[in-house]
Amino acid sequence: MPGPHSSQLQELQPLMAVIHSEHEKPQEETANDGQPETPTSLQKARARFLKGVSYFSGDMEAFGNWMKKQFFLLQLLDWVLRGAAQVMFVNNPLSGLIIFGGLILQNYWWALNGFVGTLFATISALILQQDRGAIAAGLYGYNGILVGLLMAVFSNAGNWYWWLLLPNVFMSMMCPIVSSALASINSRWDLPVFTLPFNILVCVHMVATGHYNHHFPQVLIQPRSELPNITWANIDVAKLFQSVPVGIGQVYGCDNPWTGGIFIIALFISSPITCAHAVLGSTVGMVSGLALAAPFENIYFGLWGYNCVLACIAIGGMFYALTWQVHLLAMTCGFFCAYLGSAIANIMSAFGLPACTWPFCLSALTFLLITTGTKAIFKLPLAKVTYPEKNLCFFWKLKKQEKMEKAEKEEQQQKTTEEEVKVNEKEQLKLELERMEEQNSLSDALERQLEGTYIENMETDVRLHVPEEEITNRD
Amino acid sequence: MPGPHSSQLQELQPLMAVIHSEHEKPQEETANDGQPETPTSLQKARARFLKGVSYFSGDMEAFGNWMKKQFFLLQLLDWVLRGAAQVMFVNNPLSGLIIFGGLILQNYWWALNGFVGTLFATISALILQQDRGAIAAGLYGYNGILVGLLMAVFSNAGNWYWWLLLPNVFMSMMCPIVSSALASINSRWDLPVFTLPFNILVCVHMVATGHYNHHFPQVLIQPRSELPNITWANIDVAKLFQSVPVGIGQVYGCDNPWTGGIFIIALFISSPITCAHAVLGSTVGMVSGLALAAPFENIYFGLWGYNCVLACIAIGGMFYALTWQVHLLAMTCGFFCAYLGSAIANIMSAFGLPACTWPFCLSALTFLLITTGTKAIFKLPLAKVTYPEKNLCFFWKLKKQEKMEKAEKEEQQQKTTEEEVKVNEKEQLKLELERMEEQNSLSDALERQLEGTYIENMETDVRLHVPEEEITNRD
Amino acid sequence: MPGPHSSQLQELQPLMAVIHSEHEKPQEETANDGQPETPTSLQKARARFLKGVSYFSGDMEAFGNWMKKQFFLLQLLDWVLRGAAQVMFVNNPLSGLIIFGGLILQNYWWALNGFVGTLFATISALILQQDRGAIAAGLYGYNGILVGLLMAVFSNAGNWYWWLLLPNVFMSMMCPIVSSALASINSRWDLPVFTLPFNILVCVHMVATGHYNHHFPQVLIQPRSELPNITWANIDVAKLFQSVPVGIGQVYGCDNPWTGGIFIIALFISSPITCAHAVLGSTVGMVSGLALAAPFENIYFGLWGYNCVLACIAIGGMFYALTWQVHLLAMTCGFFCAYLGSAIANIMSAFGLPACTWPFCLSALTFLLITTGTKAIFKLPLAKVTYPEKNLCFFWKLKKQEKMEKAEKEEQQQKTTEEEVKVNEKEQLKLELERMEEQNSLSDALERQLEGTYIENMETDVRLHVPEEEITNRD
């Protein structure tokens with residue numbers, strides 16, 4: 001069934017950001033292997049080091065390929081770990097493992113819920129026969145981990161309230177359904193679904209039960225109804241700096257700065273560009289909070305950072321190829337995301353809801369939808385998105401190819417002009433020959449008839465119908 | 001004007017779910033007529049009974065065709081009755097009549113408002129020159145009946161407040177406009193508009209006036225602000241069972257269990273599959289309410305049921321062909337719909353609004369948007385949707401056709417291979433003949449020229465241009 | 001790079017409503033110049049007058065073309081003025097100048113903020129390399145002026161709070177980004193973005209800071225919580241009539257009736273149809289307010305008018321060609337817009353937000369999305385939208401062309417029928433000739449072969465392959 005399958009694949013593209021195999025060797029290597037003769041021992045060591053790095057950096061493709069031949073449960077673990085890291089757009093099981101470490105450092109119960117969420121979201125995707133490549137890249141798991149984690153974080157029933165696993169499993173298993181549905185819409189604009197399924201499902205769960213519920217009570221969130229007490233003299237600069245890693249930790253709902261620090265390491269392993277933009281994003285969020293006179297506790301708690309972190313990563317190199325214009329765009333998106341974050345938080349609080357990652361989703365989607373006349377802002381086709389470094393290679397290759405094609409075209413154009421001149425000469429020769437033939441005195445009735453068929457043939461070539469005059473010719 | 005008309009028809013497809021005529025006889029009949037010779041009197045009686053049933057079950061196509069030749073007002077009545085039943089996806093005037101009976105049993109004033117709403121919505125569609133087939137199927141009426149009914153149900157001015165007919169008529173006449181606009185959007189994903197126009201228009205009316213209004217006050221709906229008093233010992237099992245028909249009645253805003261029972265009969269007449277899913281949906285909603293610790297009165301009142309009823313009908317056989325996988329999907333959709341229903345009810349209550357059928361619309365649209373690798377979940381093209389039984393026939397026929405085509409293809413492939421062998425033999429023979437001709441000692445200049453035209457002709461077949469060598473041949 | 005550029009242009013179409021140059025002379029002129037010989041002095045004077053009028057009415061195309069050769073800052077001023085008028089769909093710098101006059105009459109500080117908003121929105125569009133034609137038409141400025149104005153209007157920090165310029169500049173510069181993103185979506189349905197970017201950005205700013213904020217406090221807006229005091233005896237008819245111009249002024253957030261009057265003049269200069277629909281729209285809004293029992297102060301204050309003004313202009317001649325059916329549709333849209341306006345105002349007040357122009361955007365988009373079978377409701381392709389009078393000319397020309405094409409087609413059909421008769425006669429003659437030839441006793445082997453090639457040729461025409469029988473013919 002190639003028809004439906006391919007159309008389905010097309011629909012799935014938004015989810016398949018990171019699955020396409022790396023047929024070319026990583027750029028860094030080839031750049032270093034570029035010096036072919038007599039490498040010094042230092043160069044050799046460096047090459048070997050980079051080769052080693054390539055095994056666990058990026059999307060760990062070699063490991064992924066090796067995994068394909070392993071036991072199913074081991075594969076599933078790989079997918080779950082990649083799913084955990086995909087929250088930050090990282091397709092790397094090692095990063096996922098480190099992130100789970102950070103979560104355990106924060107809270108055992110939360111970590112367990114996150115794991116259950118990722119697991120069941122992945123299993124549900126398998127049951128629904130979603131694209132295997134997307135599942136293997138963890139693209140069906142990242143909403144699951146967030147659903148699991150945040151349902152535990154916002155539950156008012158305390159830790160180790162085991163009943164919570166019931167809605168957790170149900171909502172996690174809904175993730176692939178909502179993902180698939182949203183992908184059907186977003187794919188029309190070649191956009192990813194981001195964490196929209198998580199936002200929708202956690203908000204549905206929280207507002208469906210609410211604070212006043214016997215089974216699944218939520219923490220009480222209320223809109224601000226008086227001026228917050230902000231005294232600039234009381235500002236704690238150390239906590240302000242700490243808010244940067246805390247902001248990164250808050251992507252997973254964690255307020256422990258060490259957890260945030262561990263997440264930074266997990267990002268750095270896979271992609272330094274992603275890591276840099278995460279830190280920058282968190283800083284942008286913190287500054288925005290100060291500019292909009294937010295209560296200091298919210299800023300310290302990282303609530304101004306996590307959306308900007310995600311927005312900066314998404315725009316700064318992940319879905320656009322990183323140029324300095326794109327870098328500026330990512331910063332702008334960060335500021336807009338912080339603004340929007342405050343707005344959404346205030347609106348959602350009217351329903352007792354947190355902002356989740358709505359601000360990130362909406363601002364990033366807005367910035368991915370813009371069209372501009374400059375070539376420096378290049379949006380990667382969704383199927384080609386992997387990680388910033390590789391995206392950049394793709395962009396450079398495309399540019400080089402374009403340049404070459406242009407040069408080739410010009411060359412060819414020159415050639416065709418020359419050829420045309422030649423052809424024209426031949427044509428003229430041919431016409432002259434024909435004319436000579438026609439004027440030939442030996443032309444008898446039979447000859448004329450043959451000539452008739454000849455002319456006729458020429459005309460069939462062009463008009464594909466027998467001219468009528470022929471009849472008169474023939475009798 | 002075929003161009004614009006056809007494009008308009010395409011836009012309208014979401015509304016034209018049930019209008020395509022039934023050229024084949026119903027499956028059951030043919031299955032029974034399959035035994036051709038000497039039917040026993042029992043078989044004859046059964047066939048006659050089934051033939052009789054086919055006249056008023058399904059979409060009553062024969063009646064609809066007969067109606068086309070009748071007086072306009074009679075036709076309009078048919079459309080209005082079909083519109084009343086289309087709320088439950090039933091295109092059947094008899095069901096519509098029974099449903100109106102149920103409404104009258106509930107409340108005269110509400111029934112009157114419902115009738116006025118359906119009537120004016122249909123008239124408005126006629127004025128706006130919407131597709132006649134869609135109008136005749138009641139697809140412009142069902143939002144009207146809901147608008148009329150629910151405006152009366154939620155009015156705080158009491159029964160027989162005649163001024164209410166003014167906004168009722170206005171909002172009913174807006175239905176086709178909003179339907180048409182939404183269809184323009186939803187048709188891009190081949191999705192129906194469901195009851196979205198009703199949801200939008202009733203919410204606009206209710207929130208525009210609100211509880212504190214001199215002309216059109218609404219009942220007071222407020223968000224929950226304390227723990228509801230739920231004592232499991234006090235549960236009333238009889239009322240719990242009653243909540244199943246009440247939930248079906250609440251689709252039309254009716255809390256009378258007898259009215260709900262009458263609606264069940266109306267569904268059964270047209271389509272037993274629809275009826276079964278309605279009952280199942282209501283049960284799913286009731287169970288969900290208990291699971292999420294909803295106040296018992298809300299469950300008894302059917303508020304947890306009506307959205308699930310509609311969602312289960314829509315997914316379970318109406319827009320997907322019914323397989324057991326689709327049946328499970330419909331159940332899942334029911335549970336999700338109940339969850340979402342609680343969430344939306346809580347959010348809307350902040351604005352003094354009821355949940356209407358937003359939960360059904362959103363959950364059903366989500367489940368209709370998913371893409372999956374399995375063939376067992378087959379979404380019918382919107383233009384082919386009629387009623388579950390007929391949809392199933394369509395699905396089976398399609399599958400059979402596919403199988404036959406596949407078999408035919410294989411056969412043809414075999415044939416072509418055989419033919420190719422034959423052709424090759426002929427070709428070789430031909431080539432040999434030509435070679436013989438060429439070697440013929442009688443070959444004179446004229447012969448050669450004729451041969452030239454022949455070769456040339458063969459080449460025109462393929463390349464459609466006169467080869468240049470000819471010129472040399474000819475001189 | 002023609003590929004991306006053209007696709008980008010397509011995406012931008014929603015914003016390029018008014019930029020296409022007026023190659024034909026205005027209709028009125030040609031109508032008057034229609035009497036070619038010996039114009040009386042009165043006619044001459046009238047022609048001269050109309051020519052003069054054409055220089056500053058409509059979209060002042062001649063002025064725009066002249067501007068293209070001027071100093072950049074002067075051009076920028078032209079764009080800013082056009083942007084100021086584009087709020088009312090008017091692409092005319094003179095109207096823009098008059099509108100700024102009205103704003104200054106209302107409040108210096110607001111006018112300054114409006115100017116800053118328009119300026120920075122236009123500059124931002126230039127930086128983002130948006131389409132130059134759209135920028136020159138002011139299509140990137142109108143959201144900026146509204147953002148600037150309304151942020152000043154709703155600021156609780158009082159006039160001349162200079163810090164406000166900071167968020168003003170930021171949000172204005174976000175306008176082209178949001179515009180471009182929304183255009184990517186709306187262009188799929190050939191819809192403009194209207195003032196959606198303004199609505200989004202102002203709401204984001206207002207709700208992000210809120211009433212309780214140290215830096216940028218907003219005015220306090222709260223939902224109604226008791227019956228308003230409405231005594232029909234106390235109605236002030238003079239104020240009711242005044243509410244019509246006030247409603248037009250409220251499009252720019254101005255409550256001064258003189259400012260509203262000045263805006264009416266600005267509209268009349270460019271397009272009398274626009275002006276008439278603005279006044280009608282404001283009246284429709286006022287009547288709706290009375291019908292829905294709104295507090296009189298709100299009606300006097302123009303809060304019921306401004307959305308209807310914009311909706312009536314948009315539907316009544318701007319995006320649909322003006323016929324009397326479209327005029328009725330515009331009135332209906334006005335009433336629906338007022339209804340929706342009340343609904344949205346009540347919802348938004350729960351978050352301390354004003355209704356902005358959401359009601360206009362949503363109702364106009366709904367009415368632009370409808371599909372209908374009647375030709376009298378003709379939606380102009382977005383790229384052809386200019387101003388109502390010119391749109392009407394375009395519509396008439398299209399209709400005339402269609403009629404001519406139809407007539408031509410019929411004529412051609414008649415011709416082809418005649419020709420077919422002739423051809424048939426010829427064919428029969430030909431066939432007879434052939435038959436005669438065949439029966440010719442002089443037919444020798446050579447003749448037969450020639451005939452063979454002839455038949456063969458005829459067949460290549462149709463089937464493009466050499467028949468097999470030939471081989472037998474030839475030996």
# chains A, B, ... in the order shown; residues from 1 in each chain; ligands from 1
call {"tool": "calpha_fit_rmsd", "arguments": {"fixed": "chain B", "moving": "chain A"}}
result
0.9 Å
call {"tool": "interface_residues", "arguments": {"of": "chain B", "to": "chain C", "cutoff": "7 Å", "atoms": "only C-alpha atoms", "output": "list in words"}}
result
His5, Gln8, Leu128, Gln129, Gln130, Ile177, Val178, Ser180, Ala181, Ser184, Val204, Val207, Ala208, Thr209, Tyr212, Asn213, His214, His215, Phe351, Met458 and Asp461 of chain B
call {"tool": "residues_around", "arguments": {"residues": "Gly285 (chain C)", "least_positions_apart": "4", "cutoff": "7 Å", "atoms": "only C-alpha atoms", "output": "PyMOL selection string"}}
result
chain C and resi 281+289+304-305+308+334-335+338
call {"tool": "write_last_selection", "arguments": {"atoms": "N, CA and C atoms", "output": "PDB file, in the first residue's frame"}}
result
ATOM      1  N   GLY C 281     -22.591  51.492   9.656  1.00  0.00           N
ATOM      2  CA  GLY C 281     -22.100  50.518  10.630  1.00  0.00           C
ATOM      3  C   GLY C 281     -22.226  51.038  12.048  1.00  0.00           C
ATOM      4  N   GLY C 289     -26.957  47.848  20.400  1.00  0.00           N
ATOM      5  CA  GLY C 289     -26.737  48.097  21.819  1.00  0.00           C
ATOM      6  C   GLY C 289     -28.056  48.299  22.554  1.00  0.00           C
ATOM      7  N   TRP C 304     -20.211  50.373  21.105  1.00  0.00           N
ATOM      8  CA  TRP C 304     -20.994  49.449  20.287  1.00  0.00           C
ATOM      9  C   TRP C 304     -20.797  49.710  18.802  1.00  0.00           C
ATOM     10  N   GLY C 305     -20.132  50.835  18.495  1.00  0.00           N
ATOM     11  CA  GLY C 305     -20.053  51.222  17.091  1.00  0.00           C
ATOM     12  C   GLY C 305     -18.818  50.786  16.330  1.00  0.00           C
ATOM     13  N   CYS C 308     -18.558  47.503  14.357  1.00  0.00           N
ATOM     14  CA  CYS C 308     -19.520  47.431  13.262  1.00  0.00           C
ATOM     15  C   CYS C 308     -19.086  48.326  12.107  1.00  0.00           C
ATOM     16  N   GLY C 334     -22.857  43.590  10.311  1.00  0.00           N
ATOM     17  CA  GLY C 334     -22.798  44.618  11.342  1.00  0.00           C
ATOM     18  C   GLY C 334     -23.547  44.191  12.594  1.00  0.00           C
ATOM     19  N   PHE C 335     -24.771  43.679  12.416  1.00  0.00           N
ATOM     20  CA  PHE C 335     -25.548  43.228  13.574  1.00  0.00           C
ATOM     21  C   PHE C 335     -24.862  42.074  14.290  1.00  0.00           C
ATOM     22  N   ALA C 338     -21.959  43.328  16.284  1.00  0.00           N
ATOM     23  CA  ALA C 338     -22.343  43.976  17.537  1.00  0.00           C
ATOM     24  C   ALA C 338     -22.633  42.942  18.619  1.00  0.00           C
TER      25      ALA C 338
END
call {"tool": "closest_residue", "arguments": {"among": "B:Leu362, B:Met174, B:Met151, B:Ile248", "to": "Ile127 (chain B)", "atoms": "only C-alpha atoms"}}
result
B:Met174
call {"tool": "atom_distance", "arguments": {"atom1": "CA of Lys68 (chain B)", "atom2": "CA of Ser54 (chain B)"}}
result
18.7 Å
call {"tool": "select_by_dssp", "arguments": {"residues": "region 280-335 of chain B", "states": "helix (DSSP H, G or I)", "output": "PyMOL selection string"}}
result
chain B and resi 280-291+296-300+306-318+324-335
call {"tool": "residues_around", "arguments": {"residues": "Lys239 (chain B)", "least_positions_apart": "2", "cutoff": "10 Å", "atoms": "only C-alpha atoms", "output": "ChimeraX atom specification"}}
result
/B:235-237,241-244,246,257,296-297,299-301
call {"tool": "write_last_selection", "arguments": {"atoms": "N, CA and C atoms", "output": "PDB file, in the first residue's frame"}}
result
ATOM      1  N   ILE B 235     -24.984   7.107  47.145  1.00  0.00           N
ATOM      2  CA  ILE B 235     -25.198   6.959  45.701  1.00  0.00           C
ATOM      3  C   ILE B 235     -26.503   6.232  45.423  1.00  0.00           C
ATOM      4  N   ASP B 236     -27.242   6.720  44.422  1.00  0.00           N
ATOM      5  CA  ASP B 236     -28.555   6.176  44.056  1.00  0.00           C
ATOM      6  C   ASP B 236     -28.397   5.403  42.753  1.00  0.00           C
ATOM      7  N   VAL B 237     -28.325   4.057  42.853  1.00  0.00           N
ATOM      8  CA  VAL B 237     -28.007   3.234  41.679  1.00  0.00           C
ATOM      9  C   VAL B 237     -29.084   3.348  40.611  1.00  0.00           C
ATOM     10  N   PHE B 241     -28.521   4.431  36.705  1.00  0.00           N
ATOM     11  CA  PHE B 241     -28.908   3.744  35.470  1.00  0.00           C
ATOM     12  C   PHE B 241     -29.777   4.645  34.608  1.00  0.00           C
ATOM     13  N   GLN B 242     -30.652   5.416  35.278  1.00  0.00           N
ATOM     14  CA  GLN B 242     -31.499   6.355  34.541  1.00  0.00           C
ATOM     15  C   GLN B 242     -30.668   7.384  33.788  1.00  0.00           C
ATOM     16  N   SER B 243     -29.471   7.664  34.324  1.00  0.00           N
ATOM     17  CA  SER B 243     -28.658   8.720  33.710  1.00  0.00           C
ATOM     18  C   SER B 243     -28.263   8.366  32.280  1.00  0.00           C
ATOM     19  N   VAL B 244     -28.366   7.068  31.918  1.00  0.00           N
ATOM     20  CA  VAL B 244     -28.010   6.700  30.535  1.00  0.00           C
ATOM     21  C   VAL B 244     -29.003   7.296  29.540  1.00  0.00           C
ATOM     22  N   VAL B 246     -31.116   9.682  30.172  1.00  0.00           N
ATOM     23  CA  VAL B 246     -31.110  11.133  30.409  1.00  0.00           C
ATOM     24  C   VAL B 246     -29.957  11.770  29.642  1.00  0.00           C
ATOM     25  N   PRO B 257     -36.167  11.364  31.536  1.00  0.00           N
ATOM     26  CA  PRO B 257     -35.684  10.061  31.048  1.00  0.00           C
ATOM     27  C   PRO B 257     -36.566   9.471  29.962  1.00  0.00           C
ATOM     28  N   PHE B 296     -22.722  13.893  42.248  1.00  0.00           N
ATOM     29  CA  PHE B 296     -23.681  12.920  41.724  1.00  0.00           C
ATOM     30  C   PHE B 296     -24.808  13.574  40.939  1.00  0.00           C
ATOM     31  N   GLU B 297     -25.263  14.759  41.378  1.00  0.00           N
ATOM     32  CA  GLU B 297     -26.404  15.396  40.699  1.00  0.00           C
ATOM     33  C   GLU B 297     -26.079  15.651  39.229  1.00  0.00           C
ATOM     34  N   ILE B 299     -24.101  13.939  37.375  1.00  0.00           N
ATOM     35  CA  ILE B 299     -24.137  12.663  36.642  1.00  0.00           C
ATOM     36  C   ILE B 299     -25.584  12.260  36.397  1.00  0.00           C
ATOM     37  N   TYR B 300     -26.426  12.321  37.456  1.00  0.00           N
ATOM     38  CA  TYR B 300     -27.837  11.973  37.313  1.00  0.00           C
ATOM     39  C   TYR B 300     -28.494  12.831  36.231  1.00  0.00           C
ATOM     40  N   PHE B 301     -28.072  14.082  36.158  1.00  0.00           N
ATOM     41  CA  PHE B 301     -28.691  15.064  35.257  1.00  0.00           C
ATOM     42  C   PHE B 301     -28.249  14.851  33.795  1.00  0.00           C
TER      43      PHE B 301
END
call {"tool": "atom_distance", "arguments": {"atom1": "CA of Ile200 (chain A)", "atom2": "CA of Val153 (chain A)"}}
result
16.3 Å
call {"tool": "residues_around", "arguments": {"residues": "Trp110 (chain C)", "least_positions_apart": "2", "cutoff": "6 Å", "atoms": "only C-alpha atoms", "output": "PDB file with N, CA, C and O atoms, in the first residue's frame"}}
result
ATOM      1  N   ASN C 107      -5.869  64.072  21.691  1.00  0.00           N
ATOM      2  CA  ASN C 107      -4.883  63.963  22.762  1.00  0.00           C
ATOM      3  C   ASN C 107      -3.495  63.946  22.153  1.00  0.00           C
ATOM      4  O   ASN C 107      -3.164  63.078  21.334  1.00  0.00           O
ATOM      5  N   TYR C 108      -2.639  64.882  22.533  1.00  0.00           N
ATOM      6  CA  TYR C 108      -1.286  64.975  21.962  1.00  0.00           C
ATOM      7  C   TYR C 108      -0.488  63.690  22.197  1.00  0.00           C
ATOM      8  O   TYR C 108       0.181  63.168  21.333  1.00  0.00           O
ATOM      9  N   LEU C 112       1.134  61.109  19.540  1.00  0.00           N
ATOM     10  CA  LEU C 112       2.575  60.841  19.478  1.00  0.00           C
ATOM     11  C   LEU C 112       2.821  59.338  19.506  1.00  0.00           C
ATOM     12  O   LEU C 112       3.600  58.793  18.704  1.00  0.00           O
ATOM     13  N   ASN C 113       2.165  58.655  20.425  1.00  0.00           N
ATOM     14  CA  ASN C 113       2.334  57.206  20.524  1.00  0.00           C
ATOM     15  C   ASN C 113       1.893  56.507  19.240  1.00  0.00           C
ATOM     16  O   ASN C 113       2.553  55.553  18.781  1.00  0.00           O
ATOM     17  N   LEU C 149      -1.402  53.710  19.771  1.00  0.00           N
ATOM     18  CA  LEU C 149      -2.521  54.468  20.329  1.00  0.00           C
ATOM     19  C   LEU C 149      -3.138  53.767  21.528  1.00  0.00           C
ATOM     20  O   LEU C 149      -3.269  54.349  22.613  1.00  0.00           O
ATOM     21  N   ALA C 152      -1.345  53.561  24.753  1.00  0.00           N
ATOM     22  CA  ALA C 152      -1.414  54.829  25.481  1.00  0.00           C
ATOM     23  C   ALA C 152      -2.795  55.017  26.102  1.00  0.00           C
ATOM     24  O   ALA C 152      -2.927  55.464  27.242  1.00  0.00           O
TER      25      ALA C 152
END
